[in-house]
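Participant: Below you will find the structure I want to go over with you.
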Amino acid sequence: MSVAEAAATAEAQEAGGKIRPSSLRRIPVIGVVTQDEEAQGAFKTMDLNRVISLLEKTDKDDLEEKQLKSVKKLVQCYQNGFPLRDLAQIFKILNLCAEKIENQPHFIESAFNILKLCSLPFLKKKVSDEITYAEDAANSIALLGELMKIPNSELRIQICKCIVDFYHAEPPKKHITGYQQASSSYKIKMAEVGGLAKTMVQSLGLLENQLVEKLWVLKALQHLSTSEVNCTLMMKAQAASGICAHLNDPDPSGQLLFRSSEILWNLLEKSSKEEIIQQLSNLECLLALKEVFKNLFMRGFSHYDRQLRNDILVITTIIAQNPGAPMIECGFTRDLILFATFNEVKSQNPLVKGLRFSNSYEDFELKKLLFNIIVILCKDLPTIQLLIDGKVILALFTYVKKPEKHKIIEWSAAQYEELQLHAIATLSSVAPLLTEEYMLCQGNARVLAFLEWCESEDPFFSHGNSFHGTGGRGNKFAQMRYSLRLLRAMVYLEDETINNDLCEKGTIQQLIGVFKNTISQSDDKEEVIVLEIQSDILLILSSLCEHHIPRKEMFGTEGVDIILRVMKTDPTKLQSGLGYNVLLFSTLDSIWCCILGCYPSEDYFLEKEGIFLLLDLLALNQKKFCNLILGIMVEFCDNPKTTAHVNAWRGKKDQTAASLLIKLWRKEEKELGVKRDKHGMIIDTKKPLFTSFQEEQKIMPLPANCPTLAVMDVAENIRAKIYAVLGKLDFENLPGLSAEDFVTLCIIHRYLDFKIQATHKQRELATKSWENFLARTSNAKALKKAKRLQEKAIESSRYSEHPPNAVFHRTDIKGLNTTVPSGRVVTVESTPARLLGGPLADTDIALKKLPIRGGALQKVKAVKTVNESKKSVPT
């Protein structure tokens, strides 16, 4: 933002209007005083240039007294504020006074008095002055930060007071004729433009041992950090790390910690959060945060101390999201785990000896924040051992039980319920990482017993007034919801020890019973939470039953009944946004995992018209369900009883299953951009199944473990599944087809032929390549032609013009009669033993066998002996 734009912005915001570009271009020049008032003069006549010239002189003995007198006169003249038009000269005078302080201490008072006047609002004579003198104002305010380098406590404090007054402007003591006060936000905007926040952060490094001045600077920065522009400047000056590292410095007043934490909050909210986290993710900052939090946790008893303690923990939680933060190395993680669990698991650690939580709001919030940070810390795998040592699973499981009426607890009923739900939610994140501890604590038994209480008739009036208790007021649905989330997280691990233990405890039958109860107990108010509970139950059952026939048999007809009930849901509810879509997906998944493969369940599903319900869902023509439903249909068609059900189904307007499938095929091809004419016939016979997506797709290298585009094409579009279902129906005697359907059916019937067509082409190319190779080995003309083509290709790849002084190396070997590149290793294939009969075979007999390739074998008439060959070798 330019200086002029910032000034215009401040003026427009003060007026309460919207900022328009035209307001930056057209600057009205309107006087606010009459000629008579101007004649009287708003200020006493004073030549500022004369004061500047006087301060710049150094050659007279009595000069200092005159200089001080002139500055004093200036202060008296401008005691009601500085006009914008005089700012540049006044601040030059201030700077000259500051330069003299080191050798002439009397100028401290002069500079101090000028700074006091800077606290007053600037004055403007014309409406346009704020824009006209914006650059002078920005440079003048920026000078305040530079003056912090003067080693004088009074001046530094006065500069900070002046900055604080930007945000608490006081009206001038006396109205000046012909002038009006500049907008209240003008100084704030000019401070942003001048970069004052950055120099104020840098000044902290000059105040290591001066507590009073440091507190004033922090107060000024606290005000400056309310602006996003200033926070960005402070971030670039490394304000976060510089302030955080000194949080634990001695300060009897307590202001240092309060103001520092406030600045850190503003930096996290109003600048780049990632950059601030990176600045705070070092050992020095985390050690400071750790000591501050420990002191407040153990010794903070006031309302203010507890609030500050919670703020520090929230800042720590944000930092802990960075995997690179040394939370473990500084010992902060171990302490946080101890503080989170000492109330549930007795500890002899002196840090928590004698500590207790009260039911105050701050302590209650602290407990929830500690649960929350455990979830974040557990994402770092080295933390797991600390979680084991701290017995976190055992501590969290103390909440997974029905409330005990007569037990004296420090929390109110509403607080305990919220902590209970929060603890179960935390277990969902932590328990999958600590399966051994989960089993040692009898985790499955505890959760199932709690789930049993959730569906019991035990009178319990939940408050449902928290994030985790949403939708559970006056019932136990919230507790049931989080218990099922925990079970779902555990069965998703596919740990057979956990899953076997669950099945042995009757989980399948219990969950089916819970599902039935939710149907009878549900109310329209809790519809969303009930749908989530039902979806989670079906997902858990799917995970338990997949690949296990005995468990599918336990699922049995009761399980099939609840699936059929969901499939009969009114289709209009699928668009309600309440969660019926998710429930239907879970239902289709449970058909895959709990029914298919178990013949009694499949037969019962067919008897109850399950195939009809599947085809009804397919006829809704919702793409998100089609792929999954067709996959189920393919598997069900392996059952010989399925075909009759498929052929017997009738949809709207007496539509048959075959007609529906063919219609879906045409719709899919239209969406994929496959070329067909108006009758549905193939246009491009060379690429009968090619889609527009495949034409646009470029060749991309993929790793070996990634599926190819061809495989993804088969997996993602539904054509392969439609082909499979119609193939199970033998493509014959399909009722209810139109002429267009028969044309499409012919294409579907040849689907695999059209797909292997690419394989045929590859085989043809391989055969042609082999024939060309044979031609080069047996035909001299073909060899010469191939050689010429090879040389031409090599030449075309070279530069036409060589750079000067370049050395040219030939890449071909002269006189080489080969058209393939030669390597360092040559593989020579010997004559197969089946032609020669092995090494001991009679040569005469071997010669009688006809060779497969090449000329006839020649019998050697004379063979040199070893001695003869030695004589022929020259010595």
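Residues in the structure tokens are named by chain (A, B, ... in the order shown) and by number from 1 within that chain; ligands are numbered from 1 in the order shown.
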Using only C-alpha atoms, which residues sit within 7 Å of Leu541 of chain A once same-chain residues fewer than 4 positions away are excluded, as a PDB file with N, CA and C atoms, in the first residue's frame?
Facilitator:
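Ended up saving to part_28.pdb:
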ATOM      1  N   ILE A 508     -21.129 -59.100  17.419  1.00  0.00           N
ATOM      2  CA  ILE A 508     -21.971 -59.067  16.222  1.00  0.00           C
ATOM      3  C   ILE A 508     -23.444 -59.034  16.605  1.00  0.00           C
ATOM      4  N   ILE A 537     -22.263 -48.838  12.898  1.00  0.00           N
ATOM      5  CA  ILE A 537     -22.536 -50.240  13.240  1.00  0.00           C
ATOM      6  C   ILE A 537     -22.312 -51.132  12.024  1.00  0.00           C
ATOM      7  N   CYS A 545     -16.722 -59.179   9.657  1.00  0.00           N
ATOM      8  CA  CYS A 545     -17.185 -60.346   8.891  1.00  0.00           C
ATOM      9  C   CYS A 545     -16.419 -60.582   7.598  1.00  0.00           C
TER      10      CYS A 545
END
Participant: Using DSSP on the backbone, list every residue of segment 203-234 of chain A that comes out as helix (DSSP H, G or I), and give them as an mmCIF file with N, CA, C and O atoms, in the first residue's frame.
Facilitator:
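Everything below was put into selection_23.cif:
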data_model
loop_
_atom_site.group_PDB
_atom_site.id
_atom_site.type_symbol
_atom_site.label_atom_id
_atom_site.label_comp_id
_atom_site.auth_asym_id
_atom_site.auth_seq_id
_atom_site.Cartn_x
_atom_site.Cartn_y
_atom_site.Cartn_z
ATOM 1 N N SER A 203 14.143 -3.055 18.823
ATOM 2 C CA SER A 203 14.598 -2.337 20.024
ATOM 3 C C SER A 203 14.580 -3.216 21.267
ATOM 4 O O SER A 203 15.248 -2.906 22.259
ATOM 5 N N LEU A 204 13.813 -4.328 21.233
ATOM 6 C CA LEU A 204 13.799 -5.228 22.388
ATOM 7 C C LEU A 204 15.183 -5.777 22.686
ATOM 8 O O LEU A 204 15.521 -6.070 23.841
ATOM 9 N N GLY A 205 15.998 -5.948 21.641
ATOM 10 C CA GLY A 205 17.344 -6.466 21.846
ATOM 11 C C GLY A 205 18.233 -5.515 22.617
ATOM 12 O O GLY A 205 19.278 -5.931 23.154
ATOM 13 N N LEU A 206 17.858 -4.237 22.707
ATOM 14 C CA LEU A 206 18.650 -3.246 23.441
ATOM 15 C C LEU A 206 18.255 -3.172 24.904
ATOM 16 O O LEU A 206 18.882 -2.425 25.670
ATOM 17 N N LEU A 211 13.868 -3.798 32.757
ATOM 18 C CA LEU A 211 12.522 -4.370 32.805
ATOM 19 C C LEU A 211 11.446 -3.325 32.502
ATOM 20 O O LEU A 211 10.513 -3.587 31.752
ATOM 21 N N VAL A 212 11.572 -2.123 33.090
ATOM 22 C CA VAL A 212 10.527 -1.117 32.926
ATOM 23 C C VAL A 212 10.380 -0.727 31.458
ATOM 24 O O VAL A 212 9.274 -0.690 30.899
ATOM 25 N N GLU A 213 11.531 -0.440 30.801
ATOM 26 C CA GLU A 213 11.474 -0.077 29.393
ATOM 27 C C GLU A 213 10.950 -1.227 28.539
ATOM 28 O O GLU A 213 10.166 -1.021 27.598
ATOM 29 N N LYS A 214 11.360 -2.443 28.895
ATOM 30 C CA LYS A 214 10.906 -3.607 28.129
ATOM 31 C C LYS A 214 9.386 -3.760 28.225
ATOM 32 O O LYS A 214 8.708 -4.061 27.233
ATOM 33 N N LEU A 215 8.850 -3.532 29.415
ATOM 34 C CA LEU A 215 7.399 -3.648 29.585
ATOM 35 C C LEU A 215 6.661 -2.595 28.759
ATOM 36 O O LEU A 215 5.600 -2.868 28.188
ATOM 37 N N TRP A 216 7.230 -1.389 28.682
ATOM 38 C CA TRP A 216 6.594 -0.353 27.863
ATOM 39 C C TRP A 216 6.656 -0.691 26.373
ATOM 40 O O TRP A 216 5.697 -0.450 25.627
ATOM 41 N N VAL A 217 7.779 -1.245 25.940
ATOM 42 C CA VAL A 217 7.884 -1.662 24.531
ATOM 43 C C VAL A 217 6.875 -2.759 24.232
ATOM 44 O O VAL A 217 6.209 -2.758 23.180
ATOM 45 N N LEU A 218 6.734 -3.708 25.133
ATOM 46 C CA LEU A 218 5.762 -4.786 24.933
ATOM 47 C C LEU A 218 4.338 -4.235 24.890
ATOM 48 O O LEU A 218 3.497 -4.721 24.127
ATOM 49 N N LYS A 219 4.080 -3.212 25.716
ATOM 50 C CA LYS A 219 2.758 -2.598 25.688
ATOM 51 C C LYS A 219 2.499 -1.943 24.329
ATOM 52 O O LYS A 219 1.408 -2.053 23.762
ATOM 53 N N ALA A 220 3.537 -1.262 23.807
ATOM 54 C CA ALA A 220 3.391 -0.646 22.486
ATOM 55 C C ALA A 220 3.187 -1.698 21.408
ATOM 56 O O ALA A 220 2.336 -1.563 20.516
ATOM 57 N N LEU A 221 3.957 -2.778 21.477
ATOM 58 C CA LEU A 221 3.821 -3.865 20.497
ATOM 59 C C LEU A 221 2.471 -4.558 20.624
ATOM 60 O O LEU A 221 1.912 -5.032 19.627
ATOM 61 N N GLN A 222 1.956 -4.626 21.837
ATOM 62 C CA GLN A 222 0.639 -5.232 22.034
ATOM 63 C C GLN A 222 -0.425 -4.455 21.263
ATOM 64 O O GLN A 222 -1.312 -5.047 20.647
ATOM 65 N N HIS A 223 -0.317 -3.122 21.275
ATOM 66 C CA HIS A 223 -1.256 -2.301 20.510
ATOM 67 C C HIS A 223 -0.988 -2.410 19.011
ATOM 68 O O HIS A 223 -1.919 -2.535 18.211
ATOM 69 N N LEU A 224 0.270 -2.372 18.634
ATOM 70 C CA LEU A 224 0.612 -2.457 17.217
ATOM 71 C C LEU A 224 0.193 -3.792 16.603
ATOM 72 O O LEU A 224 -0.166 -3.861 15.428
ATOM 73 N N GLU A 228 -2.970 -6.457 10.985
ATOM 74 C CA GLU A 228 -2.356 -7.517 10.182
ATOM 75 C C GLU A 228 -1.058 -7.043 9.531
ATOM 76 O O GLU A 228 -0.089 -7.795 9.438
ATOM 77 N N VAL A 229 -1.049 -5.791 9.088
ATOM 78 C CA VAL A 229 0.164 -5.255 8.459
ATOM 79 C C VAL A 229 1.311 -5.243 9.454
ATOM 80 O O VAL A 229 2.437 -5.674 9.156
ATOM 81 N N ASN A 230 1.058 -4.751 10.666
ATOM 82 C CA ASN A 230 2.103 -4.711 11.685
ATOM 83 C C ASN A 230 2.547 -6.107 12.098
ATOM 84 O O ASN A 230 3.729 -6.338 12.349
ATOM 85 N N CYS A 231 1.595 -7.049 12.183
ATOM 86 C CA CYS A 231 1.954 -8.425 12.546
ATOM 87 C C CYS A 231 2.876 -9.052 11.506
ATOM 88 O O CYS A 231 3.797 -9.793 11.847
ATOM 89 N N THR A 232 2.630 -8.733 10.241
ATOM 90 C CA THR A 232 3.512 -9.238 9.185
ATOM 91 C C THR A 232 4.910 -8.657 9.324
ATOM 92 O O THR A 232 5.917 -9.360 9.174
ATOM 93 N N LEU A 233 4.991 -7.349 9.633
ATOM 94 C CA LEU A 233 6.298 -6.713 9.851
ATOM 95 C C LEU A 233 7.004 -7.320 11.063
ATOM 96 O O LEU A 233 8.218 -7.577 11.029
ATOM 97 N N MET A 234 6.252 -7.563 12.119
ATOM 98 C CA MET A 234 6.831 -8.151 13.331
ATOM 99 C C MET A 234 7.300 -9.579 13.082
ATOM 100 O O MET A 234 8.328 -10.019 13.591
#
Participant: Just the residues within 10 Å of Ile312 of chain A, please, counting only C-alpha atoms, with nothing from its chain fewer than 2 positions along; format it as a compact mmCIF listing (two decimals) with C-alpha atoms, in the first residue's frame.
Facilitator:
# COMPACT_ATOMS: atom_id res chain seq x y z
CA LEU A 257 3.97 -12.71 30.59
CA PHE A 258 0.53 -11.23 30.00
CA SER A 261 1.23 -14.00 25.39
CA GLU A 262 -1.19 -11.44 23.96
CA LEU A 264 1.92 -14.17 20.40
CA TRP A 265 -1.82 -14.70 20.07
CA LEU A 289 6.85 -22.16 27.56
CA LYS A 290 7.37 -25.32 29.60
CA VAL A 292 5.92 -20.85 32.46
CA PHE A 293 3.21 -23.48 32.17
CA LEU A 296 1.26 -21.47 36.51
CA ARG A 306 -5.54 -19.86 35.41
CA GLN A 307 -6.66 -18.00 32.33
CA LEU A 308 -3.07 -17.21 31.41
CA ARG A 309 -2.10 -20.86 32.01
CA ASN A 310 -4.76 -22.02 29.57
CA VAL A 314 -3.31 -23.35 23.61
CA ILE A 315 -0.19 -21.71 22.13
CA THR A 316 1.76 -24.88 22.96
CA THR A 317 -0.93 -27.00 21.30
Participant: If we count only C-alpha atoms, what is near Met554 of chain A at a cut-off of 8 Å, once residues fewer than 2 positions away on the same chain are taken out, given as number ranges by chain?
Facilitator: A: 508-509, 550-552, 556
Participant: Kindly export the residues of the current selection with all heavy atoms, as an mmCIF file, in the first residue's frame.
Facilitator:
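This went into selection27.cif:
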data_model
loop_
_atom_site.group_PDB
_atom_site.id
_atom_site.type_symbol
_atom_site.label_atom_id
_atom_site.label_comp_id
_atom_site.auth_asym_id
_atom_site.auth_seq_id
_atom_site.Cartn_x
_atom_site.Cartn_y
_atom_site.Cartn_z
ATOM 1 N N ILE A 508 -21.129 -59.100 17.419
ATOM 2 C CA ILE A 508 -21.971 -59.067 16.222
ATOM 3 C C ILE A 508 -23.444 -59.034 16.605
ATOM 4 O O ILE A 508 -24.214 -58.189 16.130
ATOM 5 C CB ILE A 508 -21.650 -60.273 15.313
ATOM 6 C CG1 ILE A 508 -20.218 -60.144 14.772
ATOM 7 C CG2 ILE A 508 -22.652 -60.369 14.161
ATOM 8 C CD1 ILE A 508 -19.761 -61.325 13.941
ATOM 9 N N GLN A 509 -23.832 -59.949 17.487
ATOM 10 C CA GLN A 509 -25.234 -59.973 17.905
ATOM 11 C C GLN A 509 -25.615 -58.708 18.676
ATOM 12 O O GLN A 509 -26.715 -58.166 18.517
ATOM 13 C CB GLN A 509 -25.503 -61.205 18.785
ATOM 14 C CG GLN A 509 -25.417 -62.529 18.064
ATOM 15 C CD GLN A 509 -23.977 -63.036 17.921
ATOM 16 O OE1 GLN A 509 -23.033 -62.363 18.322
ATOM 17 N NE2 GLN A 509 -23.833 -64.217 17.350
ATOM 18 N N PRO A 550 -17.537 -68.066 9.196
ATOM 19 C CA PRO A 550 -18.265 -68.286 10.459
ATOM 20 C C PRO A 550 -18.891 -66.996 11.011
ATOM 21 O O PRO A 550 -19.992 -67.030 11.562
ATOM 22 C CB PRO A 550 -17.176 -68.834 11.396
ATOM 23 C CG PRO A 550 -16.167 -69.447 10.487
ATOM 24 C CD PRO A 550 -16.158 -68.586 9.275
ATOM 25 N N ARG A 551 -18.196 -65.877 10.863
ATOM 26 C CA ARG A 551 -18.756 -64.614 11.354
ATOM 27 C C ARG A 551 -19.923 -64.164 10.479
ATOM 28 O O ARG A 551 -20.884 -63.575 10.977
ATOM 29 C CB ARG A 551 -17.671 -63.540 11.388
ATOM 30 C CG ARG A 551 -16.553 -63.838 12.381
ATOM 31 C CD ARG A 551 -15.470 -62.767 12.344
ATOM 32 N NE ARG A 551 -14.313 -63.160 13.126
ATOM 33 C CZ ARG A 551 -13.156 -62.498 13.154
ATOM 34 N NH1 ARG A 551 -13.037 -61.397 12.429
ATOM 35 N NH2 ARG A 551 -12.137 -62.937 13.878
ATOM 36 N N LYS A 552 -19.848 -64.452 9.180
ATOM 37 C CA LYS A 552 -20.985 -64.149 8.303
ATOM 38 C C LYS A 552 -22.199 -64.969 8.707
ATOM 39 O O LYS A 552 -23.337 -64.491 8.641
ATOM 40 C CB LYS A 552 -20.615 -64.428 6.855
ATOM 41 C CG LYS A 552 -19.554 -63.487 6.280
ATOM 42 C CD LYS A 552 -19.267 -63.776 4.822
ATOM 43 C CE LYS A 552 -18.197 -62.835 4.276
ATOM 44 N NZ LYS A 552 -17.925 -63.012 2.851
ATOM 45 N N GLY A 556 -26.019 -63.723 10.004
ATOM 46 C CA GLY A 556 -27.267 -64.443 9.796
ATOM 47 C C GLY A 556 -28.432 -63.633 9.259
ATOM 48 O O GLY A 556 -28.288 -62.551 8.695
#
Participant: Residues within 9 Å of Gln415 of chain A, please, as a list in words. Count only C-alpha atoms; anything in the same chain fewer than 4 positions from it doesn't count.
Facilitator: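 Residues near the query, excluding close chain neighbours: Asn359, Phe364, Trp411, Leu419 and Gln420 of chain A.
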Participant: Extract, using only C-alpha atoms, all DNA, RNA and protein residues at most 10 Å from Leu396 of chain A, discarding same-chain residues fewer than 3 positions from it, and format them as a PyMOL selection string.
Facilitator: chain A and resi 340-341+344-345+371+391-393+399-400+419-420+422-427+430-431
Participant: What does the distance from atom CA of Asp305 of chain A to atom CA of Glu274 of chain A come to in Å, to one decimal?
Facilitator: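 Atom CA of Asp305 of chain A sits 28.0 Å away from atom CA of Glu274 of chain A.
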Participant: Hey, which of A:Ile159, A:Ala239, A:Leu596, A:Leu752 ends up closest to Gly727 of chain A? Count only C-alpha atoms.
Facilitator: A:Leu752
Participant: Under the rule that only C-alpha atoms are counted, which of A:Ile52, A:Trp592, A:Asp741, A:Leu451 is the nearest residue to Glu546 of chain A?
Facilitator: A:Trp592
Participant: With only C-alpha atoms as the basis for distance, which of A:Lys785, A:Lys187, A:Arg356, A:Lys761 is at the shortest distance from Cys162 of chain A?
Facilitator: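 Among the listed residues, the smallest separation from Cys162 of chain A belongs to A:Lys187.
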Participant: What does the distance from atom CA of Leu745 of chain A to atom CA of Met633 of chain A come to in Å, to one decimal?
Facilitator: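 If I compute the distance from atom CA of Leu745 of chain A to atom CA of Met633 of chain A, I get 18.2 Å.
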Participant: Could you tell me which of A:Glu404, A:Asp47, A:Asp654, A:Glu418 comes closest to Leu737 of chain A if we count only C-alpha atoms?
Facilitator: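 Using only C-alpha atoms, Leu737 of chain A sits closest to A:Asp654.
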Participant: Out of A:Leu574, A:Leu434, A:Ala704, A:Val127, which residue has the shortest atom-to-atom distance to Gly178 of chain A when counting only C-alpha atoms?
Facilitator: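 Comparing A:Leu574, A:Leu434, A:Ala704, A:Val127 against Gly178 of chain A, the winner is A:Val127.
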Participant: Atom CA of Lys623 of chain A and atom CA of Ser601 of chain A are how many Å apart?
Facilitator: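 Interatomic distance here is 27.4 Å.
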